[in-house]
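Data from protein.cif: mmCIF, C-alpha atoms
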data_coords
loop_
_atom_site.label_atom_id
_atom_site.label_comp_id
_atom_site.auth_asym_id
_atom_site.auth_seq_id
_atom_site.Cartn_x
_atom_site.Cartn_y
_atom_site.Cartn_z
CA MET A 262 -6.62 -17.52 3.32
CA ALA A 263 -8.95 -14.95 4.90
CA ASP A 264 -8.88 -11.41 3.55
CA GLY A 265 -6.63 -8.97 5.31
CA TYR A 266 -7.71 -5.50 6.32
CA VAL A 267 -6.35 -2.25 7.66
CA LEU A 268 -7.80 -0.51 10.71
CA TRP A 269 -6.56 3.01 10.21
CA PHE A 270 -7.08 5.05 13.39
CA THR A 271 -6.77 8.78 12.76
CA GLY A 272 -7.25 11.71 15.08
CA LEU A 273 -5.55 14.31 17.24
CA SER A 274 -2.80 13.52 19.70
CA GLY A 275 -4.55 12.49 22.89
CA ALA A 276 -7.85 11.62 21.20
CA GLY A 277 -7.46 7.98 22.23
CA LYS A 278 -6.17 6.27 19.06
CA SER A 279 -3.49 4.13 20.69
CA THR A 280 -5.62 3.20 23.68
CA ILE A 281 -8.42 1.85 21.49
CA ALA A 282 -6.03 0.33 18.95
CA ASP A 283 -4.21 -1.56 21.71
CA LEU A 284 -7.49 -2.96 23.05
CA VAL A 285 -8.57 -4.06 19.55
CA VAL A 286 -5.22 -5.73 18.90
CA ALA A 287 -5.32 -7.54 22.22
CA ARG A 288 -8.79 -8.90 21.49
CA LEU A 289 -7.89 -9.96 17.96
CA ARG A 290 -4.75 -11.74 19.24
CA ALA A 291 -6.84 -13.46 21.90
CA ARG A 292 -8.99 -14.89 19.10
CA GLY A 293 -5.86 -16.10 17.29
CA ALA A 294 -6.44 -13.76 14.35
CA PRO A 295 -3.30 -12.70 12.44
CA VAL A 296 -2.78 -9.07 13.35
CA GLU A 297 0.07 -6.59 13.31
CA LEU A 298 0.17 -3.24 15.09
CA LEU A 299 2.08 -0.55 13.24
CA ASP A 300 2.64 1.82 16.08
CA GLY A 301 3.48 5.41 15.24
CA ASP A 302 6.61 5.49 17.38
CA GLU A 303 7.88 2.17 16.08
CA ILE A 304 7.37 3.40 12.52
CA ARG A 305 9.30 6.57 13.24
CA THR A 306 12.15 4.39 14.56
CA HIS A 307 12.25 1.74 11.88
CA LEU A 308 11.01 3.45 8.73
CA SER A 309 11.06 7.18 9.14
CA LYS A 310 13.94 8.24 11.31
CA GLY A 311 15.03 11.70 10.22
CA LEU A 312 11.59 12.76 9.01
CA GLY A 313 10.05 15.76 10.71
CA PHE A 314 6.52 17.09 10.97
CA SER A 315 6.20 19.33 7.92
CA ARG A 316 3.28 18.44 5.67
CA GLU A 317 5.71 16.83 3.21
CA ASP A 318 7.43 14.72 5.88
CA ARG A 319 4.14 13.70 7.47
CA ASP A 320 2.83 12.62 4.08
CA ILE A 321 5.96 10.54 3.41
CA ASN A 322 5.62 8.91 6.82
CA VAL A 323 1.94 8.07 6.25
CA ARG A 324 2.67 6.69 2.75
CA ARG A 325 5.35 4.42 4.23
CA ILE A 326 2.97 3.08 6.85
CA GLY A 327 0.42 2.63 4.07
CA TRP A 328 2.85 0.78 1.85
CA VAL A 329 3.74 -1.69 4.60
CA ALA A 330 0.07 -2.03 5.56
CA GLY A 331 -0.68 -2.79 1.91
CA LEU A 332 1.89 -5.60 1.78
CA LEU A 333 0.60 -7.20 4.97
CA SER A 334 -3.13 -6.81 4.26
CA ARG A 335 -2.61 -8.30 0.79
CA HIS A 336 -1.35 -11.44 2.53
CA GLY A 337 -4.30 -11.85 4.87
CA VAL A 338 -2.94 -9.97 7.86
CA GLY A 339 -5.08 -7.57 9.86
CA VAL A 340 -3.09 -4.37 10.26
CA VAL A 341 -3.79 -1.79 12.93
CA THR A 342 -2.24 1.66 12.70
CA ALA A 343 -2.49 4.63 15.01
CA ALA A 344 -0.91 7.69 13.48
CA ILE A 345 -2.38 11.21 13.56
CA SER A 346 -2.34 11.24 9.72
CA PRO A 347 -3.95 14.69 9.54
CA TYR A 348 -4.43 15.06 5.77
CA VAL A 349 -7.36 13.69 3.77
CA ALA A 350 -5.48 13.35 0.49
CA VAL A 351 -2.78 10.98 1.71
CA ARG A 352 -5.26 8.93 3.75
CA ASP A 353 -7.18 8.44 0.51
CA GLU A 354 -3.93 7.38 -1.21
CA VAL A 355 -3.44 4.77 1.48
CA ARG A 356 -7.03 3.59 1.09
CA ALA A 357 -6.27 2.96 -2.59
CA MET A 358 -3.09 0.97 -1.91
CA THR A 359 -4.41 -1.38 0.77
CA THR A 360 -6.92 -4.21 1.09
CA ASN A 361 -10.15 -3.54 3.04
CA PHE A 362 -9.19 -0.13 4.37
CA VAL A 363 -11.26 0.85 7.41
CA GLU A 364 -10.89 4.50 8.34
CA ILE A 365 -11.63 5.06 12.01
CA PHE A 366 -12.01 8.64 13.12
CA VAL A 367 -11.08 8.92 16.80
CA ASP A 368 -12.81 12.15 17.57
CA ALA A 369 -12.26 14.36 20.57
CA PRO A 370 -12.30 18.18 20.65
CA VAL A 371 -8.87 19.71 20.84
CA ASP A 372 -9.74 21.33 24.18
CA GLU A 373 -10.50 17.91 25.61
CA CYS A 374 -7.21 16.50 24.23
CA ARG A 375 -5.40 19.48 25.71
CA ARG A 376 -7.09 18.85 29.07
CA ARG A 377 -6.07 15.17 29.03
CA ASP A 378 -2.56 15.93 27.71
CA VAL A 379 -1.25 12.51 28.72
CA LYS A 380 2.20 13.13 27.27
CA GLY A 381 2.45 16.81 28.17
CA LEU A 382 2.73 17.67 24.50
CA TYR A 383 -0.05 20.26 24.33
CA ALA A 384 1.51 22.23 27.14
CA ARG A 385 4.79 22.26 25.25
CA ALA A 386 3.07 23.12 21.96
CA ASP A 387 1.17 25.96 23.60
CA ARG A 388 4.48 27.31 24.89
CA GLY A 389 5.76 27.23 21.31
CA GLU A 390 8.27 24.47 22.04
CA ILE A 391 6.86 22.07 19.42
CA PRO A 392 6.34 23.53 15.97
CA ASN A 393 3.83 21.93 13.55
CA PHE A 394 1.73 20.46 16.33
CA THR A 395 -1.55 19.14 14.95
CA GLY A 396 -4.58 20.95 16.35
CA VAL A 397 -2.45 23.77 17.75
CA SER A 398 -0.20 25.12 15.01
CA ASP A 399 -0.95 22.59 12.24
CA PRO A 400 -4.30 21.59 10.71
CA TYR A 401 -6.24 18.38 11.19
CA GLU A 402 -8.56 17.44 8.34
CA PRO A 403 -11.32 15.16 9.70
CA PRO A 404 -12.37 12.16 7.59
CA VAL A 405 -15.21 12.92 5.20
CA ALA A 406 -16.86 9.49 5.31
CA PRO A 407 -15.03 7.28 7.80
CA GLU A 408 -16.16 3.69 8.20
CA LEU A 409 -16.30 4.30 11.95
CA HIS A 410 -16.63 7.49 13.96
CA LEU A 411 -15.68 7.07 17.61
CA ARG A 412 -16.45 10.01 19.91
CA THR A 413 -14.19 9.41 22.87
CA THR A 414 -15.88 12.04 25.01
CA GLU A 415 -19.12 10.05 24.76
CA GLU A 416 -17.98 6.44 25.18
CA ASP A 417 -15.17 4.70 26.98
CA PRO A 418 -12.30 2.90 25.19
CA GLU A 419 -13.75 -0.58 25.90
CA SER A 420 -17.02 0.37 24.19
CA SER A 421 -15.19 1.89 21.24
CA ALA A 422 -13.06 -1.25 20.85
CA ALA A 423 -16.19 -3.40 21.01
CA ARG A 424 -17.70 -1.34 18.17
CA VAL A 425 -14.60 -1.90 16.04
CA LEU A 426 -14.77 -5.66 16.65
CA ALA A 427 -18.48 -5.68 15.83
CA TYR A 428 -17.76 -3.86 12.57
CA LEU A 429 -15.09 -6.44 11.61
CA ARG A 430 -17.53 -9.27 12.30
CA GLU A 431 -20.28 -7.57 10.22
CA ARG A 432 -17.86 -7.23 7.32
CA ALA A 433 -16.86 -10.87 7.87
CA LEU A 434 -13.24 -9.81 8.25
CA VAL A 435 -12.95 -11.75 11.49
CA ALA A 436 -14.82 -14.86 12.54
CA MET B 155 -0.21 -21.43 8.69
CA ALA B 156 3.06 -22.44 7.04
CA ASP B 157 6.24 -20.77 8.23
CA GLY B 158 7.40 -17.75 6.34
CA TYR B 159 10.98 -17.23 5.24
CA VAL B 160 13.28 -14.63 3.73
CA LEU B 161 15.39 -15.31 0.66
CA TRP B 162 18.02 -12.63 0.98
CA PHE B 163 19.99 -12.32 -2.25
CA THR B 164 23.23 -10.41 -1.78
CA GLY B 165 26.02 -9.63 -4.21
CA LEU B 166 27.56 -7.04 -6.51
CA SER B 167 25.58 -5.00 -8.99
CA GLY B 168 25.34 -7.14 -12.12
CA ALA B 169 26.04 -10.42 -10.32
CA GLY B 170 22.56 -11.69 -11.21
CA LYS B 171 20.55 -11.17 -8.02
CA SER B 172 17.39 -9.75 -9.61
CA THR B 173 17.42 -12.19 -12.51
CA ILE B 174 17.49 -15.21 -10.22
CA ALA B 175 15.14 -13.62 -7.67
CA ASP B 176 12.56 -12.91 -10.38
CA LEU B 177 12.71 -16.52 -11.57
CA VAL B 178 12.29 -17.85 -8.05
CA VAL B 179 9.34 -15.54 -7.38
CA ALA B 180 7.65 -16.54 -10.63
CA ARG B 181 8.01 -20.23 -9.78
CA LEU B 182 6.72 -19.75 -6.24
CA ARG B 183 3.72 -17.76 -7.50
CA ALA B 184 3.01 -20.48 -10.05
CA ARG B 185 2.77 -22.93 -7.14
CA GLY B 186 0.35 -20.61 -5.36
CA ALA B 187 2.78 -19.99 -2.50
CA PRO B 188 2.42 -16.65 -0.69
CA VAL B 189 5.44 -14.62 -1.76
CA GLU B 190 6.42 -10.98 -1.88
CA LEU B 191 9.35 -9.49 -3.79
CA LEU B 192 10.97 -6.52 -2.10
CA ASP B 193 12.79 -5.09 -5.04
CA GLY B 194 15.68 -2.74 -4.36
CA ASP B 195 14.35 0.05 -6.58
CA GLU B 196 10.84 -0.22 -5.19
CA ILE B 197 12.24 -0.01 -1.67
CA ARG B 198 14.25 3.07 -2.53
CA THR B 199 11.01 4.65 -3.84
CA HIS B 200 8.65 3.67 -1.06
CA LEU B 201 10.80 3.41 2.04
CA SER B 202 14.12 5.06 1.50
CA LYS B 203 13.76 8.06 -0.78
CA GLY B 204 16.43 10.55 0.16
CA LEU B 205 18.90 7.96 1.42
CA GLY B 206 22.25 7.84 -0.36
CA PHE B 207 24.97 5.23 -0.60
CA SER B 208 27.19 6.03 2.36
CA ARG B 209 27.72 3.11 4.69
CA GLU B 210 25.28 4.68 7.16
CA ASP B 211 22.56 5.20 4.56
CA ARG B 212 23.03 1.73 3.07
CA ASP B 213 22.73 0.22 6.53
CA ILE B 214 19.51 2.14 7.21
CA ASN B 215 18.10 1.01 3.87
CA VAL B 216 18.96 -2.64 4.56
CA ARG B 217 17.51 -2.45 8.08
CA ARG B 218 14.23 -1.09 6.67
CA ILE B 219 14.01 -3.90 4.15
CA GLY B 220 14.79 -6.30 6.97
CA TRP B 221 12.13 -4.84 9.23
CA VAL B 222 9.44 -5.21 6.55
CA ALA B 223 10.71 -8.71 5.68
CA GLY B 224 10.45 -9.57 9.37
CA LEU B 225 6.80 -8.47 9.56
CA LEU B 226 5.85 -10.45 6.45
CA SER B 227 7.84 -13.60 7.24
CA ARG B 228 6.36 -13.65 10.75
CA HIS B 229 2.93 -13.97 9.11
CA GLY B 230 3.81 -16.89 6.85
CA VAL B 231 4.84 -14.95 3.76
CA GLY B 232 7.89 -15.92 1.70
CA VAL B 233 9.87 -12.74 1.15
CA VAL B 234 12.43 -12.35 -1.60
CA THR B 235 14.85 -9.43 -1.54
CA ALA B 236 17.58 -8.46 -3.95
CA ALA B 237 19.68 -5.63 -2.58
CA ILE B 238 23.47 -5.42 -2.79
CA SER B 239 23.60 -5.23 1.04
CA PRO B 240 27.38 -5.18 1.14
CA TYR B 241 28.03 -5.32 4.89
CA VAL B 242 28.14 -8.47 7.01
CA ALA B 243 27.11 -6.81 10.26
CA VAL B 244 23.76 -5.45 9.09
CA ARG B 245 22.95 -8.64 7.17
CA ASP B 246 23.42 -10.46 10.48
CA GLU B 247 21.12 -7.95 12.16
CA VAL B 248 18.47 -8.75 9.57
CA ARG B 249 18.97 -12.47 10.11
CA ALA B 250 18.18 -11.94 13.77
CA MET B 251 15.00 -9.95 13.09
CA THR B 252 13.37 -12.27 10.53
CA THR B 253 11.93 -15.77 10.39
CA ASN B 254 13.88 -18.45 8.48
CA PHE B 255 16.49 -16.15 6.99
CA VAL B 256 18.19 -17.71 3.97
CA GLU B 257 21.30 -15.80 2.88
CA ILE B 258 22.02 -16.36 -0.80
CA PHE B 259 25.39 -15.19 -2.05
CA VAL B 260 25.13 -14.36 -5.75
CA ASP B 261 28.76 -14.54 -6.60
CA ALA B 262 30.45 -13.19 -9.70
CA PRO B 263 33.90 -11.57 -9.90
CA VAL B 264 33.79 -7.81 -10.24
CA ASP B 265 35.54 -8.02 -13.62
CA GLU B 266 32.75 -10.24 -14.91
CA CYS B 267 30.10 -7.85 -13.54
CA ARG B 268 31.94 -4.96 -15.17
CA ARG B 269 32.04 -6.87 -18.46
CA ARG B 270 28.27 -7.55 -18.31
CA ASP B 271 27.44 -4.02 -17.10
CA VAL B 272 23.77 -4.36 -18.02
CA LYS B 273 22.85 -0.95 -16.65
CA GLY B 274 26.06 0.86 -17.70
CA LEU B 275 26.79 1.62 -14.07
CA TYR B 276 30.35 0.24 -13.92
CA ALA B 277 31.38 2.44 -16.87
CA ARG B 278 29.99 5.45 -15.03
CA ALA B 279 31.58 4.39 -11.75
CA ASP B 280 34.94 3.85 -13.47
CA ARG B 281 34.67 7.39 -14.85
CA GLY B 282 34.12 8.61 -11.30
CA GLU B 283 30.53 9.63 -11.98
CA ILE B 284 29.08 7.42 -9.23
CA PRO B 285 30.73 7.70 -5.83
CA ASN B 286 30.44 4.84 -3.32
CA PHE B 287 29.96 2.20 -6.00
CA THR B 288 30.23 -1.27 -4.48
CA GLY B 289 33.14 -3.24 -5.90
CA VAL B 290 34.73 -0.14 -7.45
CA SER B 291 35.02 2.55 -4.80
CA ASP B 292 33.15 0.86 -1.95
CA PRO B 293 33.74 -2.51 -0.30
CA TYR B 294 31.68 -5.68 -0.61
CA GLU B 295 31.92 -8.08 2.31
CA PRO B 296 31.02 -11.59 1.11
CA PRO B 297 28.85 -13.76 3.35
CA VAL B 298 30.84 -15.90 5.77
CA ALA B 299 28.48 -18.90 5.83
CA PRO B 300 25.61 -18.29 3.40
CA GLU B 301 22.86 -20.90 3.17
CA LEU B 302 23.39 -20.90 -0.60
CA HIS B 303 26.34 -19.87 -2.73
CA LEU B 304 25.45 -19.33 -6.38
CA ARG B 305 28.35 -18.82 -8.78
CA THR B 306 26.76 -17.15 -11.77
CA THR B 307 29.81 -17.60 -13.97
CA GLU B 308 29.43 -21.37 -13.58
CA GLU B 309 25.68 -21.94 -13.88
CA ASP B 310 22.83 -20.22 -15.68
CA PRO B 311 20.01 -18.38 -13.86
CA GLU B 312 17.51 -21.22 -14.41
CA SER B 313 19.85 -23.69 -12.68
CA SER B 314 20.49 -21.26 -9.83
CA ALA B 315 16.76 -20.69 -9.36
CA ALA B 316 16.18 -24.46 -9.35
CA ARG B 317 18.76 -24.82 -6.57
CA VAL B 318 16.96 -22.21 -4.49
CA LEU B 319 13.64 -24.01 -4.94
CA ALA B 320 15.26 -27.34 -4.05
CA TYR B 321 16.67 -25.77 -0.88
CA LEU B 322 13.22 -24.49 0.12
CA ARG B 323 11.74 -27.94 -0.38
CA GLU B 324 14.52 -29.57 1.66
CA ARG B 325 13.83 -27.14 4.51
CA ALA B 326 10.11 -27.86 4.08
CA LEU B 327 9.45 -24.16 3.58
CA VAL B 328 7.52 -24.86 0.40
CA ALA B 329 5.53 -27.95 -0.49
#
Representation of the structure as structure tokens:
Amino acid sequence: MADGYVLWFTGLSGAGKSTIADLVVARLRARGAPVELLDGDEIRTHLSKGLGFSREDRDINVRRIGWVAGLLSRHGVGVVTAAISPYVAVRDEVRAMTTNFVEIFVDAPVDECRRRDVKGLYARADRGEIPNFTGVSDPYEPPVAPELHLRTTEEDPESSAARVLAYLRERALVA
Amino acid sequence: MADGYVLWFTGLSGAGKSTIADLVVARLRARGAPVELLDGDEIRTHLSKGLGFSREDRDINVRRIGWVAGLLSRHGVGVVTAAISPYVAVRDEVRAMTTNFVEIFVDAPVDECRRRDVKGLYARADRGEIPNFTGVSDPYEPPVAPELHLRTTEEDPESSAARVLAYLRERALVA
């Protein structure tokens, strides 16, 4: 059985995590590689309903994703997650509980994310309608030494996805 | 990749679920088969901290176990769970969301479980110290048509475990 791995996309809302993650998953599936996307919304539905966005609740949510990612990666599955996961400490916990953890910093300045505002969330956060909004009223701690650093203001999602695939091939985690 | 499956042990506290599940897991591991035990206590720690034992909370807990079992079984892993899971409806939900669901009714009369009372829980429940205790103050709905029915007053755990392994071989889910 091939080794599993975890592609852990982290970054602000609107930075491009899900867009790139979806492209990577589609390409891995097209190659027939075993892969599972743990989407932030799906996780909130299936594992974390009732949790809010305080630091404590965010940390619990991230640990749950990490625990499931650990189970799957241990059994040879490639896991892709796209959650803001703003705190260094709990990301490092997840690194320790998974197999071949790949931290991918999806980096865009908050002003650029606010300009994109695909879901209209920044506008609501700026009006004070969403408390604990990362980058507005809640901190985001960037990765210290991420395996990959994707600057989404400097390259398009296809190029970012290609870099992730190239990294997996280099590490011999996909054929 | 071989098909995954889910061995879903259900029954009263003290009926013998964990004892038999542990034996089955040990034998599967000894054969080198990919297997993961989702232990009730571990689940309550990692996925369901804060949930209680109301029907609603039990159902959420069982659905979370089922969701994780679905992810693993979809990727060829044999999953073994041992949770009381007292309600038919949510067990059927889990059946629908997993691959090769095998419902195993670990059956012992409540008086026998109370007599064994390995963890001292029945004594506490009888004193009213544990509300919503299955078989005492909360219902247990037995499986209608379980794939396996193990009567732990009539056979020892080794024999029960052997029957589970024989069933997996018959279904060609293990070699």
- request: Could you give me, as a list of chain:residue names, the residues within 12 Å of Asp211 in chain B, counting all atoms listed in the file and dropping anything in the same chain fewer than 6 positions from it?
  value: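 Here the qualifying residues turn out to be A:Lys310, A:Gly311, B:Arg198, B:Ser202, B:Lys203, B:Gly204, B:Leu205, B:Arg217, B:Arg218, B:Ser239, B:Pro240, B:Tyr241, B:Val244, B:Asn286.
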message: If we count all atoms listed in the file and set the cut-off at 6 Å, which residues sit around range 228-235 of chain B, ignoring sequence neighbours fewer than 2 positions away in its own chain? Please answer as a VMD selection string.
response: chain B and resid 156 to 163 188 to 193 224 to 226 253
task: Any chance you could resolve the PyMOL selection byres ((chain A and resi 280) around 10) against this file and give the residues as a count of residues only?
output: 15
field: Picked residues, the PyMOL selection byres ((chain A and resi 395) around 12), as an MDAnalysis selection string
entry: chainID A and resid 271:276 314:316 319 344:348 371 374:375 382:383 386:387 391:394 396:403
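Among the candidates A:Ala406, A:Leu411, A:Ile326, A:Val435, the residue lying nearest to chain B is A:Ile326 (atoms considered: all atoms listed in the file).
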field: Residue among B:Gly282, B:Gly274, B:Gly194, B:Gly186 lying closest to chain A, counting all atoms listed in the file
entry: B:Gly186
Residue nearest chain A among B:Ala262, B:Val256, B:Leu319, B:Ala187 (counting all atoms listed in the file):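 The closest residue to chain A is B:Ala187.
Closest approach to Thr413 in chain A from the set A:Arg385, A:His307, A:Arg377, A:Arg356 is made by A:Arg377, with distances taken over all atoms listed in the file.
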Quick one: 8 Å padding each side, axis-aligned, all listed atoms of range 307-322 of chain A - centre and edge lengths in Å to one decimal, as lines of an AutoDock Vina configuration file?
center_x = 8.9
center_y = 10.5
center_z = 7.5
size_x = 28.2
size_y = 33.6
size_z = 24.7
- prompt: Which value, in Å to one decimal, gives the distance between CA of Pro297 in chain B and CA of Val179 in chain B?
  reply: 22.3 Å
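The nearest approach to chain B among the residues A:Arg288, A:Val329, A:Glu364, A:Glu317, with all atoms listed in the file taken into account, belongs to A:Val329.
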task: Pick out the closest residue to chain B from this set: A:Leu308, A:Ala427, A:Ala384, A:Val405. Count only C-alpha atoms.
output: A:Leu308
task: Go ahead and compute the interatomic distance for CA of Ala250 in chain B and CA of Val216 in chain B, in Å to one decimal.
output: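 Separating CA of Ala250 in chain B from CA of Val216 in chain B is a distance of 13.1 Å.
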- request: Provide the CA of Ala330 in chain A to CA of Thr359 in chain A distance in Å, to one decimal place.
  value: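 Going from CA of Ala330 in chain A over to CA of Thr359 in chain A, I get 6.6 Å.
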